[in-house]
Amino acid sequence: MDALIHLDKVSKQYDSGAPAAVAEVTVTIAPGDAVAIMGQSGSGKSTLLNLIAALDRPTAGAVWVGGERVDRLSETAAARFRRRQVGMIFQFFNLLDDMTALDNILLPAQLAGTRAAAARERADELLVSLRIEHQRDAYPARLSGGQRQRVAIARALINNPAVLLADEPTGAVDTATGEEVGALLAELNAAGQTLVLVTHNPDLAARYTHRTIAIADGRITSGTSATARERALS
Amino acid sequence: MKAIIRAARGGLGGRRLQAVIIGLVALASTAASTLALAMLADSSSPFNRAFAAQHGANVTATVDTTVATVPQLAATAHAHGVTAAAGPFFEIPLTAQITLPGIAGSSAQQLTITGRSSPGGPVDDLYLSQGHWPDSDSQVVTAGDGTPGSTITVGSQKLVVVGVATSITSTSDAWVLPSEIPALATAAGARTGGSGQAQMLYQFSGAGTAAAISADVAALRAALPPGALAGTASWLDARQSEQSAIAPWVPFIIAFGLLTLVISVLIVVNVVSGAVIAGTTRIGVLKSVGFTPAQVVACYVVMVAVPALSGCVAGVVGGNLLAIPLLGQNAQVYQVGVLGVPLWADAAVPLAVLLLTAAGAVPPALRAGRLSAVAAIATGRAPRPARGYLAQRALARLIMLPRAVTLGLAAPFARPGRTLVTVLAVLFGVVAVTFGVGLGASLDRAITDGSRHAALPVSVTAVPPGSVAPGALNGPGGGAGSSGASQSVVVGRSLTAAQQQAAAAALAAQPGTLHDLAITEDHLSLPGVPAGVEVTAYGGDPAWAGLAPVSGHLYSGPDQVDVNTLFLTDTGTKVGSMYTLASGGRHLTVTIAGEVFQPGNQPDMFLSAATLHELNPAAGPSQYGVALKPGTDAQAYANTVSAVLGSSLAVTVNTGGSHLVAVVTLVAMLTIVIIIVAGLGVLNTVALQIRERAHAIGVFKAVGMVPLQTLVMIICSVAVTGLLAGVVAVPAGVALHHGLVPVMASAANSGTPPSLLSVYQPWEFLLLALAGLLIAVAGALGPASWAARARTAFALRAE
């Protein structure tokens with residue numbers, strides 16, 4: 001099966017002489033897979049996510065997403081790539097406080113130049129499916145943690161991305177809400193959405209993903225190969 | 001203290017851009033304010049100093065010695081209010097032939113020569129700048145920048161110039177020993193056998209105002225027989241005419257200085273407040289490691305004071321450098337040594353700018369100093385409650401506009417206070433540009449309207465090679481006399497009848513000739529006006545001469561004249577008044593038909609050749625001025641005419657107004673300084689905005705905003721405010737122009753013709769309004785480009 005995401009000996013060093021944040025990582029993720037990247041604080045897991053999303057460039061190695069090599073893209077090309085292929089979910093939601101939930105959700109579609117009517121229709125769909133249709137005109141400050149994360153997920157999905165990247169999506173919410181968010185992501189994956197989830201919570205990883213990649217001091221310690229599910233499907 | 005300095009140094013390192021902006025703004029405002037104050041201080045002090053040093057005469061009286069005897073004149077030293085007196089010094093107004101050493105030929109000049117035994121005295125202590133005082137007959141000392149070795153010939157009397165002297169109130173054109181006067185009077189053809197005229201010089205206890213001078217003159221009149229007092233000259237007129245060299249520019253320098261100061265205040269406050277707010281986290285961290293509130297405040301004030309102080313020091317140097325060329329001109333005039341910026345200005349200006357900087361820094365620093373460490377850190381980390389929600393929402397609905405544009409347009413509403421300051425900075429910048437453009441155009445008009453060179457670009461004169469050209473009395477090196485009030489005038493050589501015929505025929509035959517004008521120049525003495533009046537007579541339509549009416553109309557009939565503002569001021573007349581002119585025993589009463597624009601230190605009169613002929617039949621045209629048809633090249637035309645006329649007549653192309661190029665350059669320079677300062681204000685606003693919204697920008701990029709969209713968003717955040725500021729600023733700039741130009745004209749002893757005010761074209765208003773947009777975009781481009789290029793991960797990590 002063709003990989004959706006392939007990292008080939010990728011390294012990232014922020015300062016010369018400093019230890020690498022990510023060192024010679026090779027990872028393959030198939031379409032429809034749900035993968036957790038686990039590690040302690042400072043292990044390089046968020047850096048790995050940023051490299052997949054072309055938010056940052058590796059100092060060595062290659063990153064392929066959806067058949068496109070993304071580590072050499074210009075800022076403009078990287079932004080266009082993210083519009084099409086990637087939906088980002090952040091630990092602290094990263095919603096814009098001066099925009100309503102609806103405007104937050106619409107933002108990626110508007111930046112991509114999607115027709116207003118089509119974008120609106122898609123946004124309405126997501127609001128309903130994520131059960132936040134009554135919060136469409138609310139500002140983030142008035143939403144609960146769980147609701148904010150739903151808005152963030154809706155924003156990430158508005159452009160129908162190939163992969164959903166979630167960086168500690170339950171890190172800023174309480175346990176119950178975290179369960180809700182986890183279940184929601186599992187639901188999306190069950191519907192075919194490829195999911196890469198960064199977490200330091202092994203329980204979350206076990207319950208809502210198929211495979212866990214462990215990373216420590218920038219190096220993968222386990223889980224790089226295809227999952228049993230992939231082997232079963234191939 | 002060490003801890004404060006160390007913390008401040010660390011803070012400065014992390015806020016380099018804001019430090020640079022503070023420094024540059026302080027530099028610009030200090031330099032402009034230093035220049036403005038120096039010009040202000042200079043506008044009155046050099047003359048006053050020279051007047052005191054030379055025991056200048058408050059009143060110079062011209063007396064008729066056929067009416068008052070010498071003892072009577074001497075007795076006026078005890079008239080009411082007189083504190084010192086000198087004279088009587090007999091004098092004679094005459095026409096002399098001037099010959100310069102090394103130059104063949106001579107030219108006629110009207111002079112008043114006074115007999116004095118020495119340059120010194122209780123009043124009007126002359127400053128001898130070259131040569132020596134006459135020690136025998138046939139020697140003369142001239143005023144101004146004369147040339148020792150020249151000769152002045154009056155009939156059979158020949159005088160050799162042995163020295164050059166300066167009278168602070170220009171009491172005479174030349175001085176000889178008293179014994180020389182009767183011979184000169186005889187040679188000049190005086191009927192009385194003597195000069196019939198003498199000069200008395202007075203100092204009064206009260207002479208500070210025109211009213212006081214009038215009272216002093218009344219006291220003199222009362223002390224003398226009726227009719228003895230032929231005329232008086234006031235030191236106040238001399239002071240005003242001397243100061244007029246710099247005085248016209250003082251209002252605009254003040255205006256620009258004030259504009260720069262106001263913008264700088266706005267920007268410093270904006271920069272400093274923003275820098276303190278942006279550094280609140282740091283303040284919280286400092287407090288958490290043990291800094292007291294006072295130490296925190298001190299640390300932050302030091303962070304702001306260091307770049308401000310550097311800017312102020314550089315600004316003082318810059319202001320001095322800018323001021324010295326202008327001040328040096330006055331130093332040369334007044335013989336009072338090299339003038340510099342007063343020390344008090346060098347100290348007061350940077351102090352004021354530093355105080356302003358502190359005023360901006362201290363309040364927000366105090367606020368942060370009072371916060372608890374936790375609150376300060378929390379305030380710094382968490383985004384402040386955003387304003388402008390409504391605007392953001394409303395603009396999001398404008399689906400016809402790109403999203404990046406609407407995001408940018410909403411940004412100013414988030415921080416209305418900062419937006420207002422930015423608008424004001426751009427507004428004042430555009431006011432300066434509008435005013436500068438208008439002033440430049442007015443100065444250009446002043447050049448063309450104030451001289452006939454533009455209207456009559458080609459001249460035909462009777463000045464063969466080797467002869468003294470008109471205006472060259474002061475030597476081959478040229479240069480005007482320093483004391484303008486009684487500047488000697490060279491009357492050009494008159495054209496012979498044959499030359500007039502030849503010139504008229506040659507000009508009529510040229511296809512490029514639009515029209516030509518015979519021009520006769522003369523100089524008449526005026527009672528009580530030491531400078532006399534420059535008379536220009538035209539043998540044709542005076543409108544061809546490019547005269548610009550200020551009030552009334554151009555002369556149109558016999559015995560009508562036009563005069564400049566200084567003539568009206570000096571003679572106490574107005575448009576419509578009758579005035580009697582005298583020359584060589586002839587008298588002519590004329591009507592002042594109009595006031596025309598001729599600024600400067602010399603009364604001017606314009607009339608028809610026929611009118612002048614009534615007064616001085618001997619006067620004839622000394623040149624023809626030629627107006628050219630559109631498209632005619634002046635130099636080619638002059639060459640063609642010159643070839644036809646041969647060597648008997650000189651054909652020249654007139655270029656005038658180069659002396660105002662320096663001022664126009666100064667206007668442009670100051671305008672650019674203000675634009676840069678306004679642009680720095682915008683740059684600071686955008687930089688602060690980017691810093692505050694760095695994380696948001698990171699989110700935008702993470703969800704797909706390309707660098708160009710980031711650039712557009714940030715540019716749009718200041719574009720509308722810039723445009724708005726421009727639209728409001730243009731009428732304000734025009735109003736400033738309309739208010740200031742008459743003040744400047746008045747300082748140049750002139751009224752303001754409408755042509756000096758109607759200088760703006762409709763399309764210029766549009767461009768000027770766009771200047772606000774331009775300033776805003778230019779100021780935003782740097783930080784916007786940086787934000788667009790910044791890597792998304794870096795932006796996302798920003799807090």
# chains A, B, ... in the order shown; residues from 1 in each chain; ligands from 1

call {"tool": "residues_around", "arguments": {"residues": "Gly61 of chain A", "least_positions_apart": "3", "cutoff": "10 Å", "atoms": "only C-alpha atoms", "output": "list in words"}}
result
Leu7, Asp8, Lys9, Val10, Ser11, Lys12, Ala23, Glu24, Val25, Thr26, Arg57, Pro58 and Asp71 of chain A

call {"tool": "residues_around", "arguments": {"residues": "segment 691-706 of chain B", "least_positions_apart": "2", "cutoff": "6 Å", "atoms": "only C-alpha atoms", "output": "ChimeraX atom specification"}}
result
/A:76,79-80,82-83,108,111 /B:688-689,708-709,792,795-796,798

call {"tool": "write_last_selection", "arguments": {"atoms": "N, CA and C atoms", "output": "mmCIF file, in the first residue's frame"}}
result
data_model
loop_
_atom_site.group_PDB
_atom_site.id
_atom_site.type_symbol
_atom_site.label_atom_id
_atom_site.label_comp_id
_atom_site.auth_asym_id
_atom_site.auth_seq_id
_atom_site.Cartn_x
_atom_site.Cartn_y
_atom_site.Cartn_z
ATOM 1 N N THR A 76 5.203 29.956 0.494
ATOM 2 C CA THR A 76 3.930 30.055 -0.231
ATOM 3 C C THR A 76 3.436 28.662 -0.589
ATOM 4 N N ALA A 79 2.211 26.815 2.459
ATOM 5 C CA ALA A 79 0.891 27.244 2.916
ATOM 6 C C ALA A 79 -0.189 26.629 2.031
ATOM 7 N N ARG A 80 0.067 26.593 0.737
ATOM 8 C CA ARG A 80 -0.918 26.005 -0.192
ATOM 9 C C ARG A 80 -1.056 24.516 0.062
ATOM 10 N N ARG A 82 -0.641 23.049 2.939
ATOM 11 C CA ARG A 82 -1.400 22.861 4.178
ATOM 12 C C ARG A 82 -2.894 23.047 3.929
ATOM 13 N N ARG A 83 -3.245 24.006 3.070
ATOM 14 C CA ARG A 83 -4.658 24.208 2.774
ATOM 15 C C ARG A 83 -5.305 22.937 2.248
ATOM 16 N N PRO A 108 -9.817 28.915 7.027
ATOM 17 C CA PRO A 108 -8.967 28.236 6.035
ATOM 18 C C PRO A 108 -9.601 28.199 4.648
ATOM 19 N N LEU A 111 -9.204 31.653 3.087
ATOM 20 C CA LEU A 111 -7.832 31.897 2.648
ATOM 21 C C LEU A 111 -7.508 31.092 1.391
ATOM 22 N N LEU B 688 4.731 46.730 16.543
ATOM 23 C CA LEU B 688 4.050 46.358 17.790
ATOM 24 C C LEU B 688 2.891 45.414 17.497
ATOM 25 N N GLN B 689 2.178 45.749 16.446
ATOM 26 C CA GLN B 689 1.011 44.961 16.060
ATOM 27 C C GLN B 689 1.439 43.533 15.726
ATOM 28 N N LEU B 708 2.180 36.222 0.778
ATOM 29 C CA LEU B 708 1.612 37.414 0.136
ATOM 30 C C LEU B 708 0.353 37.865 0.870
ATOM 31 N N GLN B 709 -0.444 36.904 1.307
ATOM 32 C CA GLN B 709 -1.649 37.259 2.057
ATOM 33 C C GLN B 709 -1.273 37.903 3.397
ATOM 34 N N THR B 792 6.547 29.599 9.904
ATOM 35 C CA THR B 792 5.298 29.443 10.641
ATOM 36 C C THR B 792 5.537 28.887 12.043
ATOM 37 N N ALA B 795 6.620 31.562 14.331
ATOM 38 C CA ALA B 795 5.522 32.444 14.708
ATOM 39 C C ALA B 795 4.595 31.784 15.720
ATOM 40 N N LEU B 796 4.355 30.481 15.530
ATOM 41 C CA LEU B 796 3.463 29.781 16.447
ATOM 42 C C LEU B 796 4.020 29.709 17.849
ATOM 43 N N ALA B 798 5.669 32.030 19.244
ATOM 44 C CA ALA B 798 5.663 33.380 19.819
ATOM 45 C C ALA B 798 4.507 33.543 20.776
#

call {"tool": "select_by_dssp", "arguments": {"residues": "segment 8-190 of chain A", "states": "strand (DSSP E or B)", "output": "PyMOL selection string"}}
result
chain A and resi 8-12+22-29+34-38+60-65+68-69+86-89+163-167

call {"tool": "residues_around", "arguments": {"residues": "segment 536-543 of chain B", "least_positions_apart": "4", "cutoff": "12 Å", "atoms": "only C-alpha atoms", "output": "ChimeraX atom specification"}}
result
/B:449,451-452,455-456,491-492,500,504,515-524,547-549,553-564,594,596,603-616,619-627

call {"tool": "interface_residues", "arguments": {"of": "chain A", "to": "chain B", "cutoff": "10 Å", "atoms": "only C-alpha atoms", "output": "number ranges by chain"}}
result
A: 47, 50-51, 53-57, 74-84, 86-90, 93-100, 103, 106-113, 115-117, 137, 139, 141, 155-156, 159

call {"tool": "closest_residue", "arguments": {"among": "B:Leu73, B:Val265, B:Val301, B:Phe291", "to": "Ala198 of chain B", "atoms": "only C-alpha atoms"}}
result
B:Leu73

call {"tool": "closest_residue", "arguments": {"among": "B:Pro325, B:Arg6, B:Ile22, B:Ser717", "to": "Ser310 of chain B", "atoms": "only C-alpha atoms"}}
result
B:Ile22

call {"tool": "residues_around", "arguments": {"residues": "Ala206 of chain A", "least_positions_apart": "2", "cutoff": "12 Å", "atoms": "only C-alpha atoms", "output": "list in words"}}
result
Ala34, Val35, Ala36, Ile37, Met38, Gly182, Ala186, Leu197, Thr199, His200, Asn201, Pro202, Asp203, Leu204, Tyr208, Thr209, His210, Arg211, Thr212 and Ile213 of chain A

call {"tool": "residues_around", "arguments": {"residues": "Val313 of chain B", "least_positions_apart": "5", "cutoff": "10 Å", "atoms": "only C-alpha atoms", "output": "VMD selection string"}}
result
chain B and resid 23 26 to 27 30 to 31 307 to 308 318 to 319 346 to 347 350

call {"tool": "residues_around", "arguments": {"residues": "segment 175-184 of chain B", "least_positions_apart": "5", "cutoff": "6 Å", "atoms": "only C-alpha atoms", "output": "ChimeraX atom specification"}}
result
/B:113-117,137,140-141,194

call {"tool": "write_last_selection", "arguments": {"atoms": "N, CA and C atoms", "output": "PDB file, in the first residue's frame"}}
result
ATOM      1  N   ILE B 113      26.989 111.620  -0.269  1.00  0.00           N
ATOM      2  CA  ILE B 113      28.325 111.650   0.340  1.00  0.00           C
ATOM      3  C   ILE B 113      28.263 112.584   1.542  1.00  0.00           C
ATOM      4  N   THR B 114      28.778 112.107   2.644  1.00  0.00           N
ATOM      5  CA  THR B 114      28.727 112.853   3.906  1.00  0.00           C
ATOM      6  C   THR B 114      30.126 113.236   4.346  1.00  0.00           C
ATOM      7  N   GLY B 115      30.247 114.434   4.906  1.00  0.00           N
ATOM      8  CA  GLY B 115      31.542 114.889   5.399  1.00  0.00           C
ATOM      9  C   GLY B 115      31.689 114.574   6.880  1.00  0.00           C
ATOM     10  N   ARG B 116      32.667 113.751   7.219  1.00  0.00           N
ATOM     11  CA  ARG B 116      32.970 113.436   8.629  1.00  0.00           C
ATOM     12  C   ARG B 116      34.467 113.402   8.791  1.00  0.00           C
ATOM     13  N   SER B 117      34.900 113.943   9.935  1.00  0.00           N
ATOM     14  CA  SER B 117      36.349 114.001  10.154  1.00  0.00           C
ATOM     15  C   SER B 117      36.903 112.674  10.660  1.00  0.00           C
ATOM     16  N   ASP B 137      42.040 115.674   1.314  1.00  0.00           N
ATOM     17  CA  ASP B 137      40.991 115.802   0.310  1.00  0.00           C
ATOM     18  C   ASP B 137      41.248 114.814  -0.831  1.00  0.00           C
ATOM     19  N   VAL B 140      38.021 109.180  -0.284  1.00  0.00           N
ATOM     20  CA  VAL B 140      36.653 108.848   0.115  1.00  0.00           C
ATOM     21  C   VAL B 140      36.630 107.422   0.685  1.00  0.00           C
ATOM     22  N   VAL B 141      35.753 107.237   1.652  1.00  0.00           N
ATOM     23  CA  VAL B 141      35.485 105.887   2.179  1.00  0.00           C
ATOM     24  C   VAL B 141      34.061 105.539   1.762  1.00  0.00           C
ATOM     25  N   GLY B 194      26.758 125.632  -1.422  1.00  0.00           N
ATOM     26  CA  GLY B 194      27.096 124.624  -0.404  1.00  0.00           C
ATOM     27  C   GLY B 194      26.169 123.455  -0.653  1.00  0.00           C
TER      28      GLY B 194
END

call {"tool": "residues_around", "arguments": {"residues": "Ala84 of chain B", "least_positions_apart": "5", "cutoff": "10 Å", "atoms": "only C-alpha atoms", "output": "short mmCIF file (atom, residue, chain, number, x, y, z; two decimals) with N, CA and C atoms, in the first residue's frame"}}
result
data_model
loop_
_atom_site.label_atom_id
_atom_site.label_comp_id
_atom_site.auth_asym_id
_atom_site.auth_seq_id
_atom_site.Cartn_x
_atom_site.Cartn_y
_atom_site.Cartn_z
N HIS B 55 27.09 101.97 18.71
CA HIS B 55 26.37 103.18 19.17
C HIS B 55 25.47 103.69 18.05
N ALA B 57 22.55 104.99 15.53
CA ALA B 57 21.65 106.13 15.63
C ALA B 57 20.21 105.65 15.62
N ASN B 58 19.46 106.02 16.67
CA ASN B 58 18.04 105.69 16.67
C ASN B 58 17.32 106.46 15.57
N THR B 76 20.18 120.91 19.24
CA THR B 76 19.20 119.82 19.32
C THR B 76 19.72 118.63 20.12
N ALA B 77 21.02 118.66 20.43
CA ALA B 77 21.57 117.60 21.28
C ALA B 77 20.93 117.63 22.66
N HIS B 78 20.30 118.75 22.99
CA HIS B 78 19.66 118.87 24.30
C HIS B 78 18.14 118.81 24.18
N GLY B 121 32.69 108.40 17.08
CA GLY B 121 31.85 109.47 17.60
C GLY B 121 30.86 108.93 18.60
N PRO B 122 30.15 109.84 19.26
CA PRO B 122 29.18 109.41 20.27
C PRO B 122 28.01 108.63 19.68
N VAL B 123 27.74 108.86 18.40
CA VAL B 123 26.65 108.15 17.73
C VAL B 123 27.15 107.70 16.36
N LEU B 201 22.66 112.92 13.85
CA LEU B 201 22.46 111.54 14.33
C LEU B 201 22.12 111.60 15.81
N TYR B 202 21.08 110.88 16.22
CA TYR B 202 20.60 110.97 17.60
C TYR B 202 20.40 109.59 18.21
N GLN B 203 20.66 109.56 19.53
CA GLN B 203 20.18 108.44 20.34
C GLN B 203 19.19 109.00 21.34
N PHE B 204 18.13 108.25 21.56
CA PHE B 204 17.07 108.70 22.46
C PHE B 204 16.91 107.73 23.61
N SER B 205 16.36 108.24 24.70
CA SER B 205 16.11 107.38 25.86
C SER B 205 14.98 106.41 25.57
#

call {"tool": "select_by_dssp", "arguments": {"residues": "segment 2-136 of chain A", "states": "helix (DSSP H, G or I)", "output": "ChimeraX atom specification"}}
result
/A:45-52,75-85,101-111,116-129,133-135

call {"tool": "atom_distance", "arguments": {"atom1": "atom CA of Thr166 of chain B", "atom2": "atom CA of Asp216 of chain B"}}
result
24.8 Å

call {"tool": "closest_residue", "arguments": {"among": "A:Ala118, A:Leu48, A:Ala154, A:Ile105", "to": "Val196 of chain A", "atoms": "only C-alpha atoms"}}
result
A:Leu48

call {"tool": "atom_distance", "arguments": {"atom1": "atom CA of Gln54 of chain B", "atom2": "atom CA of Ile168 of chain B"}}
result
7.0 Å

call {"tool": "atom_distance", "arguments": {"atom1": "atom CA of Pro753 of chain B", "atom2": "atom CA of Gly440 of chain B"}}
result
15.7 Å

call {"tool": "decode", "arguments": {"residues": "segment 135-205 of chain A", "atoms": "C-alpha atoms", "output": "mmCIF file, in the first residue's frame"}}
result
data_model
loop_
_atom_site.group_PDB
_atom_site.id
_atom_site.type_symbol
_atom_site.label_atom_id
_atom_site.label_comp_id
_atom_site.auth_asym_id
_atom_site.auth_seq_id
_atom_site.Cartn_x
_atom_site.Cartn_y
_atom_site.Cartn_z
ATOM 1 C CA GLN A 135 -22.328 27.976 19.259
ATOM 2 C CA ARG A 136 -21.762 29.226 15.710
ATOM 3 C CA ASP A 137 -21.969 32.925 16.707
ATOM 4 C CA ALA A 138 -20.221 32.591 20.063
ATOM 5 C CA TYR A 139 -16.721 33.924 20.672
ATOM 6 C CA PRO A 140 -14.101 31.460 21.957
ATOM 7 C CA ALA A 141 -13.997 33.137 25.370
ATOM 8 C CA ARG A 142 -17.580 32.008 25.929
ATOM 9 C CA LEU A 143 -16.976 28.366 24.960
ATOM 10 C CA SER A 144 -15.935 25.488 27.153
ATOM 11 C CA GLY A 145 -12.666 23.729 26.498
ATOM 12 C CA GLY A 146 -14.402 20.903 24.761
ATOM 13 C CA GLN A 147 -16.417 23.232 22.568
ATOM 14 C CA ARG A 148 -13.310 25.171 21.621
ATOM 15 C CA GLN A 149 -11.560 22.003 20.605
ATOM 16 C CA ARG A 150 -14.558 21.010 18.499
ATOM 17 C CA VAL A 151 -14.395 24.374 16.773
ATOM 18 C CA ALA A 152 -10.686 23.783 16.189
ATOM 19 C CA ILE A 153 -11.429 20.348 14.752
ATOM 20 C CA ALA A 154 -14.081 21.812 12.476
ATOM 21 C CA ARG A 155 -11.595 24.414 11.301
ATOM 22 C CA ALA A 156 -9.083 21.688 10.610
ATOM 23 C CA LEU A 157 -11.601 19.739 8.533
ATOM 24 C CA ILE A 158 -13.191 22.540 6.498
ATOM 25 C CA ASN A 159 -10.933 21.983 3.490
ATOM 26 C CA ASN A 160 -11.250 18.171 3.583
ATOM 27 C CA PRO A 161 -7.584 17.555 4.321
ATOM 28 C CA ALA A 162 -5.865 14.267 3.611
ATOM 29 C CA VAL A 163 -4.423 14.104 7.104
ATOM 30 C CA LEU A 164 -5.444 15.469 10.463
ATOM 31 C CA LEU A 165 -2.524 16.411 12.704
ATOM 32 C CA ALA A 166 -3.378 16.848 16.367
ATOM 33 C CA ASP A 167 -0.779 18.149 18.811
ATOM 34 C CA GLU A 168 -1.826 17.192 22.357
ATOM 35 C CA PRO A 169 -5.513 17.768 21.555
ATOM 36 C CA THR A 170 -6.597 16.852 25.074
ATOM 37 C CA GLY A 171 -3.744 18.543 26.908
ATOM 38 C CA ALA A 172 -5.698 21.665 27.818
ATOM 39 C CA VAL A 173 -8.990 20.096 28.809
ATOM 40 C CA ASP A 174 -10.247 18.031 31.719
ATOM 41 C CA THR A 175 -10.387 14.257 31.592
ATOM 42 C CA ALA A 176 -14.012 13.961 30.636
ATOM 43 C CA THR A 177 -13.655 16.460 27.851
ATOM 44 C CA GLY A 178 -10.493 14.704 26.804
ATOM 45 C CA GLU A 179 -12.467 11.508 26.437
ATOM 46 C CA GLU A 180 -14.988 13.326 24.321
ATOM 47 C CA VAL A 181 -12.313 14.748 22.055
ATOM 48 C CA GLY A 182 -10.577 11.404 21.780
ATOM 49 C CA ALA A 183 -13.797 9.698 20.847
ATOM 50 C CA LEU A 184 -14.495 12.350 18.280
ATOM 51 C CA LEU A 185 -11.138 11.848 16.647
ATOM 52 C CA ALA A 186 -11.654 8.088 16.647
ATOM 53 C CA GLU A 187 -14.985 8.653 14.958
ATOM 54 C CA LEU A 188 -13.364 10.700 12.261
ATOM 55 C CA ASN A 189 -10.721 8.070 11.739
ATOM 56 C CA ALA A 190 -13.347 5.387 11.509
ATOM 57 C CA ALA A 191 -14.880 7.378 8.670
ATOM 58 C CA GLY A 192 -11.580 7.230 6.827
ATOM 59 C CA GLN A 193 -9.700 10.321 8.060
ATOM 60 C CA THR A 194 -5.989 9.721 8.492
ATOM 61 C CA LEU A 195 -4.981 10.859 11.941
ATOM 62 C CA VAL A 196 -1.594 11.594 13.492
ATOM 63 C CA LEU A 197 -1.865 12.358 17.141
ATOM 64 C CA VAL A 198 0.904 13.681 19.357
ATOM 65 C CA THR A 199 0.414 12.889 23.009
ATOM 66 C CA HIS A 200 2.266 11.980 26.179
ATOM 67 C CA ASN A 201 -0.839 10.096 27.392
ATOM 68 C CA PRO A 202 -0.433 6.352 26.725
ATOM 69 C CA ASP A 203 -4.062 5.682 27.525
ATOM 70 C CA LEU A 204 -5.241 8.108 24.871
ATOM 71 C CA ALA A 205 -2.845 6.566 22.381
#
